[in-house]
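Here is the structure we will look at, set down as structure tokens.
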Amino acid sequence: MDDEQQRPEHGPLAGFTVGVTAARRADELGALLQRRGAAVLHAPAIRIVPLADDSELLAATKQLIDQAPDVVVATTAIGFRGWVEAADGWGLGDALLERLRAVELLARGPKVKGAVRAAGLTEEWSPASESMAEVLDRLLEQGVDGRRIAVQLHGEPLPGFVESLKAGGAEVVGVPVYRWLPPEDLGPVDRLLDAAVSRGVDAVTFTSAPAAASLLSRAEERGLLPELLAAFGHDVLPACVGPVTAVPLQGHGVDTVQPERFRLGPLVQLLCRELPGRASALPVAGHRLEIRGHAVLVDGELRTVPPAGMSLLRALSRRPGWVVPRAELLRALPGTGRDEHAVETAMARLRTSLGAPKLIQTVVKRGYRLALDPATDAKYTDG
């Protein structure tokens with residue numbers, strides 16, 4: 001059996017750490033990431049108020065039963081199902097379904113349409129695009145002046161949707177099917193923030209706008225917002241499931257990446273392309289060295305490296321082929337002290353972790369350098 005066959009398999013996200021801010025379906029997203037090799041730091045940035053306990057939803061449901069709307073817009077499958085289940089729990093389920101059968105019911109996309117039909121109802125219309133903009137266009141084309149329109153809210157901003165309906169003369173009734181609140185335990189969120197500003201994570205995923213807003217708010221409370229925004233601007237990839245989710249981040253000037261299809265699977269696939277593409281890859285001492293978040297690929301073989309070793313390796317890779325003085329490497333080590341012996345100790349462990357000691361050369365009385373291959377070395381040093 002040759003080396004290629006013996007080499008252990010690793011996923012495209014091996015060596016990367018990804019933060020997950022989701023409260024709902026966090027386990028599913030975490031499992032998808034881990035199956036592709038990522039280390040996952042789970043920090044739910046929000047919590048969801050259970051529907052049956054939400055007095056605002058109860059009040060809105062009673063209002064709609066007592067005073068029929070002309071149109072009801074269902075925006076999410078889980079929200080619509082939860083609304084019907086909560087109404088059942090309050091003894092209002094039959095009355096709500098009877099009311100919904102008598103109005104124009106619009107379902108935003110196939111998943112919502114499925115939830116509507118599972119409740120024994122039939123939608124009047126549903127856009128194939130799953131776009132709220134298309135729903136809005138249809139309503140405005142029909143004319144909304146004087147019409148009463150109930151909109152199932154789902155905890156995320158609907159930019160311009162409600163405002164446009166009101167500007168057209170509609171009376172809009174919001175149906176808050178679930179509400180977001182800050183998490184009761186802020187410990188995981190704080191750990192994620194600390195990891196992000198120290199570049200201990202390579203990406204942070206967002207699947208709802210409230211989670212993004214909550215993380216930014218907590219960063220501001222702790223005085224870390226400028227550092228977090230700087231991290232998102234350079235070293236930590238903010239990945240959003242869709243454009244609505246990205247709104248709070250964009251409000252702070254943060255550029256995000258988003259999949260073409262607004263689903264968890266495509267979000268993970270996007271990370272599988274983006275993160276390896278951002279890793280540094282160098283030809284060193286006859287090997288291909290790819291530096292990832294907390295591990296290194298040496299000729300395609302995954303090598304786990306301690307945090308101190310990763311700090312040294314990143315410092316060396318910023319000037320490949322050039323000698324980096326011990327004093328500078330000492331400053332790069334976590335918890336910097338004054339004893340340059342710490343550099344020698346961490347360097348010995350790094351070389352052992354890499355499994356190829358000649359990748360890093362010791363330059364006596366000066367420091368260390370990555371042993372960049374000669375042809376490449378010329379390219380880096382010719383200016």
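By convention here, the chains of the structure tokens are called A, B, ... in the order presented, each chain's residues are numbered starting at 1, and ligands are numbered starting at 1 in the order presented.
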Tell me, counting only C-alpha atoms, for each residue of region 139-201 of chain A within 12 Å of region 22-28 of chain A, which pair of atoms is nearest and how far apart they are in Å to one decimal, in rows ordered by chain and increasing number, as JSON lines.
{"residue": "A:Tyr178", "atom": "CA", "partner": "A:Arg24", "partner_atom": "CA", "distance": 11.7}
{"residue": "A:Trp180", "atom": "CA", "partner": "A:Ala23", "partner_atom": "CA", "distance": 9.7}
{"residue": "A:Leu181", "atom": "CA", "partner": "A:Ala23", "partner_atom": "CA", "distance": 10.7}
{"residue": "A:Pro182", "atom": "CA", "partner": "A:Ala23", "partner_atom": "CA", "distance": 10.6}
{"residue": "A:Pro183", "atom": "CA", "partner": "A:Ala23", "partner_atom": "CA", "distance": 9.1}
{"residue": "A:Glu184", "atom": "CA", "partner": "A:Ala23", "partner_atom": "CA", "distance": 11.9}
{"residue": "A:Pro188", "atom": "CA", "partner": "A:Ala22", "partner_atom": "CA", "distance": 11.9}
{"residue": "A:Val189", "atom": "CA", "partner": "A:Ala22", "partner_atom": "CA", "distance": 11.0}
Requested write-out: N, CA, C and O atoms of the selected residues, as a CSV table (one decimal), in the first residue's frame:
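Written file, result-v6.csv:
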chain,number,residue,atom,x,y,z
A,178,TYR,N,-42.6,34.0,17.0
A,178,TYR,CA,-41.7,33.8,18.0
A,178,TYR,C,-40.8,35.0,18.2
A,178,TYR,O,-40.7,35.8,17.3
A,180,TRP,N,-37.2,36.9,19.8
A,180,TRP,CA,-35.8,36.6,20.2
A,180,TRP,C,-35.5,37.4,21.4
A,180,TRP,O,-35.8,38.6,21.5
A,181,LEU,N,-34.7,36.8,22.3
A,181,LEU,CA,-34.2,37.5,23.5
A,181,LEU,C,-32.7,37.1,23.6
A,181,LEU,O,-32.3,36.1,23.1
A,182,PRO,N,-32.0,38.0,24.3
A,182,PRO,CA,-30.6,37.6,24.6
A,182,PRO,C,-30.5,36.2,25.3
A,182,PRO,O,-31.4,35.9,26.0
A,183,PRO,N,-29.4,35.5,25.1
A,183,PRO,CA,-29.3,34.2,25.9
A,183,PRO,C,-29.2,34.4,27.4
A,183,PRO,O,-28.7,35.4,27.8
A,184,GLU,N,-29.8,33.5,28.1
A,184,GLU,CA,-29.7,33.6,29.6
A,184,GLU,C,-28.2,33.4,30.0
A,184,GLU,O,-27.8,34.0,31.0
A,188,PRO,N,-21.0,31.3,26.7
A,188,PRO,CA,-20.6,30.9,25.3
A,188,PRO,C,-20.4,32.0,24.3
A,188,PRO,O,-19.5,32.0,23.5
A,189,VAL,N,-21.3,33.0,24.4
A,189,VAL,CA,-21.1,34.2,23.5
A,189,VAL,C,-19.8,34.9,23.8
A,189,VAL,O,-19.1,35.3,22.8
Using DSSP assignments from the backbone, pull out every residue in region 187-298 of chain A that falls under strand (DSSP E) and give it to me as a PyMOL selection string. chain A and resi 203-206+237-240+280-284+287-291+295-298
As a count of residues only, which residues of region 227-380 of chain A does DSSP assign to alpha helix (DSSP H)? 70
Which residues, written as a PyMOL selection string, have at least one atom at most 12 Å from Ala342 (chain A), with only C-alpha atoms counted and residues fewer than 5 positions away on the same chain left out? chain A and resi 308-309+312+326-327+329-337+347-349
Residues from the last selection, N, CA and C atoms, saved as a short mmCIF file (atom, residue, chain, number, x, y, z; two decimals), in the first residue's frame:
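Generated file (part.cif):
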data_model
loop_
_atom_site.label_atom_id
_atom_site.label_comp_id
_atom_site.auth_asym_id
_atom_site.auth_seq_id
_atom_site.Cartn_x
_atom_site.Cartn_y
_atom_site.Cartn_z
N ALA A 308 0.73 27.63 20.46
CA ALA A 308 1.99 28.38 20.42
C ALA A 308 2.72 28.13 19.10
N GLY A 309 2.71 26.87 18.65
CA GLY A 309 3.35 26.53 17.38
C GLY A 309 2.68 27.22 16.21
N LEU A 312 3.84 30.79 16.02
CA LEU A 312 5.17 30.91 15.43
C LEU A 312 5.12 30.71 13.92
N ARG A 326 14.33 36.06 17.01
CA ARG A 326 13.71 35.43 18.18
C ARG A 326 12.84 36.41 18.96
N ALA A 327 13.28 37.63 19.08
CA ALA A 327 12.51 38.62 19.86
C ALA A 327 11.13 38.85 19.23
N LEU A 329 9.52 36.65 17.34
CA LEU A 329 8.75 35.42 17.53
C LEU A 329 8.24 35.33 18.97
N LEU A 330 9.05 35.82 19.93
CA LEU A 330 8.62 35.82 21.33
C LEU A 330 7.35 36.67 21.49
N ARG A 331 7.31 37.81 20.80
CA ARG A 331 6.13 38.68 20.89
C ARG A 331 4.91 38.01 20.28
N ALA A 332 5.14 37.11 19.32
CA ALA A 332 4.02 36.43 18.66
C ALA A 332 3.41 35.33 19.51
N LEU A 333 4.17 34.86 20.52
CA LEU A 333 3.67 33.76 21.35
C LEU A 333 2.54 34.24 22.27
N PRO A 334 1.52 33.39 22.49
CA PRO A 334 0.46 33.74 23.45
C PRO A 334 1.05 33.92 24.85
N GLY A 335 0.56 34.91 25.58
CA GLY A 335 1.05 35.15 26.93
C GLY A 335 2.52 35.49 26.95
N THR A 336 2.90 36.46 26.16
CA THR A 336 4.32 36.80 25.94
C THR A 336 5.06 37.07 27.25
N GLY A 337 6.20 36.40 27.39
CA GLY A 337 7.11 36.67 28.50
C GLY A 337 8.38 37.32 27.96
N MET A 347 9.30 26.08 19.34
CA MET A 347 9.77 25.73 18.01
C MET A 347 10.06 24.23 17.92
N ALA A 348 10.63 23.66 18.99
CA ALA A 348 10.91 22.21 18.99
C ALA A 348 9.60 21.42 18.88
N ARG A 349 8.59 21.86 19.60
CA ARG A 349 7.29 21.18 19.54
C ARG A 349 6.64 21.36 18.17
#
Which polymer residues have any atom within 6 Å of an atom of Ala295 (chain A), counting only C-alpha atoms, with same-chain residues fewer than 3 positions away left out, as an MDAnalysis selection string? chainID A and resid 15 292 303:305
Counting only C-alpha atoms, what is within 9 Å of region 43-58 of chain A, bar same-chain residues fewer than 2 positions away, as JSON, numbers by chain? {"A": [19, 20, 21, 22, 23, 24, 26, 41, 60, 61, 62, 63, 82, 83, 85, 86, 87, 89, 90, 175, 176, 177, 178, 179, 180, 181, 182, 183, 184, 186, 187, 188, 189, 190, 191, 192, 210, 211, 212, 213, 214, 215, 218]}
Which polymer residues have any atom within 6 Å of an atom of region 70-80 of chain A, counting only C-alpha atoms, with same-chain residues fewer than 2 positions away left out, as JSON, numbers by chain? {"A": [82, 83, 103, 104, 105, 106, 107, 108, 111, 112, 115, 148, 149, 150, 151, 152, 177]}
Write out, as a short mmCIF file (atom, residue, chain, number, x, y, z; two decimals), in the first residue's frame, the residues just selected, with all heavy atoms.
data_model
loop_
_atom_site.label_atom_id
_atom_site.label_comp_id
_atom_site.auth_asym_id
_atom_site.auth_seq_id
_atom_site.Cartn_x
_atom_site.Cartn_y
_atom_site.Cartn_z
N GLY A 82 -45.95 26.46 14.22
CA GLY A 82 -45.96 26.82 15.64
C GLY A 82 -47.16 27.67 16.01
O GLY A 82 -47.72 27.52 17.11
N TRP A 83 -47.56 28.55 15.11
CA TRP A 83 -48.73 29.40 15.36
C TRP A 83 -49.99 28.54 15.52
O TRP A 83 -50.75 28.71 16.48
CB TRP A 83 -48.88 30.39 14.19
CG TRP A 83 -49.98 31.39 14.35
CD1 TRP A 83 -50.61 31.76 15.51
CD2 TRP A 83 -50.57 32.17 13.31
NE1 TRP A 83 -51.55 32.72 15.26
CE2 TRP A 83 -51.55 33.00 13.92
CE3 TRP A 83 -50.36 32.27 11.94
CZ2 TRP A 83 -52.33 33.89 13.19
CZ3 TRP A 83 -51.12 33.17 11.20
CH2 TRP A 83 -52.10 33.97 11.82
N VAL A 103 -59.83 33.79 4.13
CA VAL A 103 -59.07 34.96 3.68
C VAL A 103 -58.13 34.56 2.55
O VAL A 103 -57.94 33.38 2.26
CB VAL A 103 -58.26 35.58 4.84
CG1 VAL A 103 -59.17 35.94 6.01
CG2 VAL A 103 -57.15 34.65 5.30
N GLU A 104 -57.53 35.57 1.91
CA GLU A 104 -56.51 35.32 0.89
C GLU A 104 -55.21 34.98 1.61
O GLU A 104 -54.63 35.82 2.31
CB GLU A 104 -56.33 36.57 0.02
CG GLU A 104 -55.31 36.38 -1.10
CD GLU A 104 -55.13 37.64 -1.94
OE1 GLU A 104 -56.00 38.53 -1.89
OE2 GLU A 104 -54.09 37.75 -2.62
N LEU A 105 -54.74 33.74 1.45
CA LEU A 105 -53.57 33.26 2.18
C LEU A 105 -52.39 33.13 1.21
O LEU A 105 -52.44 32.37 0.24
CB LEU A 105 -53.88 31.91 2.83
CG LEU A 105 -52.79 31.27 3.70
CD1 LEU A 105 -52.36 32.20 4.82
CD2 LEU A 105 -53.32 29.94 4.27
N LEU A 106 -51.33 33.90 1.46
CA LEU A 106 -50.14 33.86 0.63
C LEU A 106 -49.02 33.15 1.39
O LEU A 106 -48.80 33.43 2.57
CB LEU A 106 -49.68 35.28 0.25
CG LEU A 106 -50.73 36.19 -0.39
CD1 LEU A 106 -50.11 37.54 -0.75
CD2 LEU A 106 -51.35 35.55 -1.62
N ALA A 107 -48.33 32.23 0.72
CA ALA A 107 -47.26 31.46 1.36
C ALA A 107 -45.93 31.76 0.67
O ALA A 107 -45.81 31.59 -0.54
CB ALA A 107 -47.57 29.96 1.28
N ARG A 108 -44.96 32.20 1.46
CA ARG A 108 -43.66 32.57 0.88
C ARG A 108 -42.82 31.31 0.62
O ARG A 108 -42.01 30.91 1.43
CB ARG A 108 -42.90 33.49 1.82
CG ARG A 108 -41.61 34.04 1.24
CD ARG A 108 -40.63 34.35 2.33
NE ARG A 108 -40.25 33.14 3.06
CZ ARG A 108 -39.00 32.87 3.45
NH1 ARG A 108 -38.04 33.70 3.17
NH2 ARG A 108 -38.74 31.77 4.13
N LYS A 111 -41.66 25.53 1.15
CA LYS A 111 -41.70 24.97 2.50
C LYS A 111 -42.87 25.52 3.30
O LYS A 111 -43.54 24.79 4.03
CB LYS A 111 -40.38 25.28 3.23
CG LYS A 111 -39.18 24.51 2.67
CD LYS A 111 -37.90 24.88 3.36
CE LYS A 111 -37.83 24.36 4.79
NZ LYS A 111 -36.49 24.63 5.40
N VAL A 112 -43.14 26.80 3.13
CA VAL A 112 -44.28 27.41 3.83
C VAL A 112 -45.59 26.85 3.27
O VAL A 112 -46.52 26.56 4.02
CB VAL A 112 -44.24 28.95 3.69
CG1 VAL A 112 -45.27 29.58 4.61
CG2 VAL A 112 -42.86 29.49 4.01
N ALA A 115 -46.39 23.64 4.89
CA ALA A 115 -46.93 23.80 6.24
C ALA A 115 -48.39 24.24 6.20
O ALA A 115 -49.21 23.79 7.01
CB ALA A 115 -46.08 24.81 7.02
N ARG A 148 -56.74 45.13 5.00
CA ARG A 148 -56.15 44.72 6.27
C ARG A 148 -55.29 43.48 6.02
O ARG A 148 -55.80 42.44 5.62
CB ARG A 148 -57.27 44.41 7.27
CG ARG A 148 -56.82 44.31 8.71
CD ARG A 148 -58.02 44.51 9.65
NE ARG A 148 -57.59 44.54 11.03
CZ ARG A 148 -57.60 43.49 11.84
NH1 ARG A 148 -58.04 42.33 11.39
NH2 ARG A 148 -57.19 43.60 13.09
N ILE A 149 -54.00 43.61 6.24
CA ILE A 149 -53.06 42.56 5.88
C ILE A 149 -52.31 42.09 7.13
O ILE A 149 -51.66 42.88 7.81
CB ILE A 149 -52.05 43.04 4.82
CG1 ILE A 149 -52.80 43.50 3.56
CG2 ILE A 149 -51.04 41.95 4.48
CD1 ILE A 149 -51.90 44.14 2.52
N ALA A 150 -52.44 40.80 7.43
CA ALA A 150 -51.72 40.20 8.56
C ALA A 150 -50.43 39.58 8.04
O ALA A 150 -50.44 38.81 7.08
CB ALA A 150 -52.58 39.15 9.24
N VAL A 151 -49.32 39.91 8.67
CA VAL A 151 -48.01 39.40 8.25
C VAL A 151 -47.41 38.60 9.40
O VAL A 151 -47.21 39.13 10.50
CB VAL A 151 -47.06 40.56 7.86
CG1 VAL A 151 -45.70 40.00 7.43
CG2 VAL A 151 -47.67 41.40 6.75
N GLN A 152 -47.14 37.33 9.13
CA GLN A 152 -46.48 36.47 10.13
C GLN A 152 -45.02 36.91 10.23
O GLN A 152 -44.24 36.70 9.31
CB GLN A 152 -46.58 35.01 9.71
CG GLN A 152 -45.79 34.07 10.61
CD GLN A 152 -45.22 32.89 9.85
OE1 GLN A 152 -45.89 32.29 9.03
NE2 GLN A 152 -43.97 32.57 10.13
N VAL A 177 -44.77 35.25 15.67
CA VAL A 177 -44.86 33.83 15.98
C VAL A 177 -43.78 33.35 16.94
O VAL A 177 -43.95 32.36 17.63
CB VAL A 177 -44.84 32.97 14.70
CG1 VAL A 177 -46.11 33.13 13.92
CG2 VAL A 177 -43.64 33.31 13.84
#
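The smallest atom-to-atom distance between Ala68 (chain A) and any of A:Val173, A:Leu153, A:Leu165, A:Cys240, using only C-alpha atoms, is found for A:Val173.
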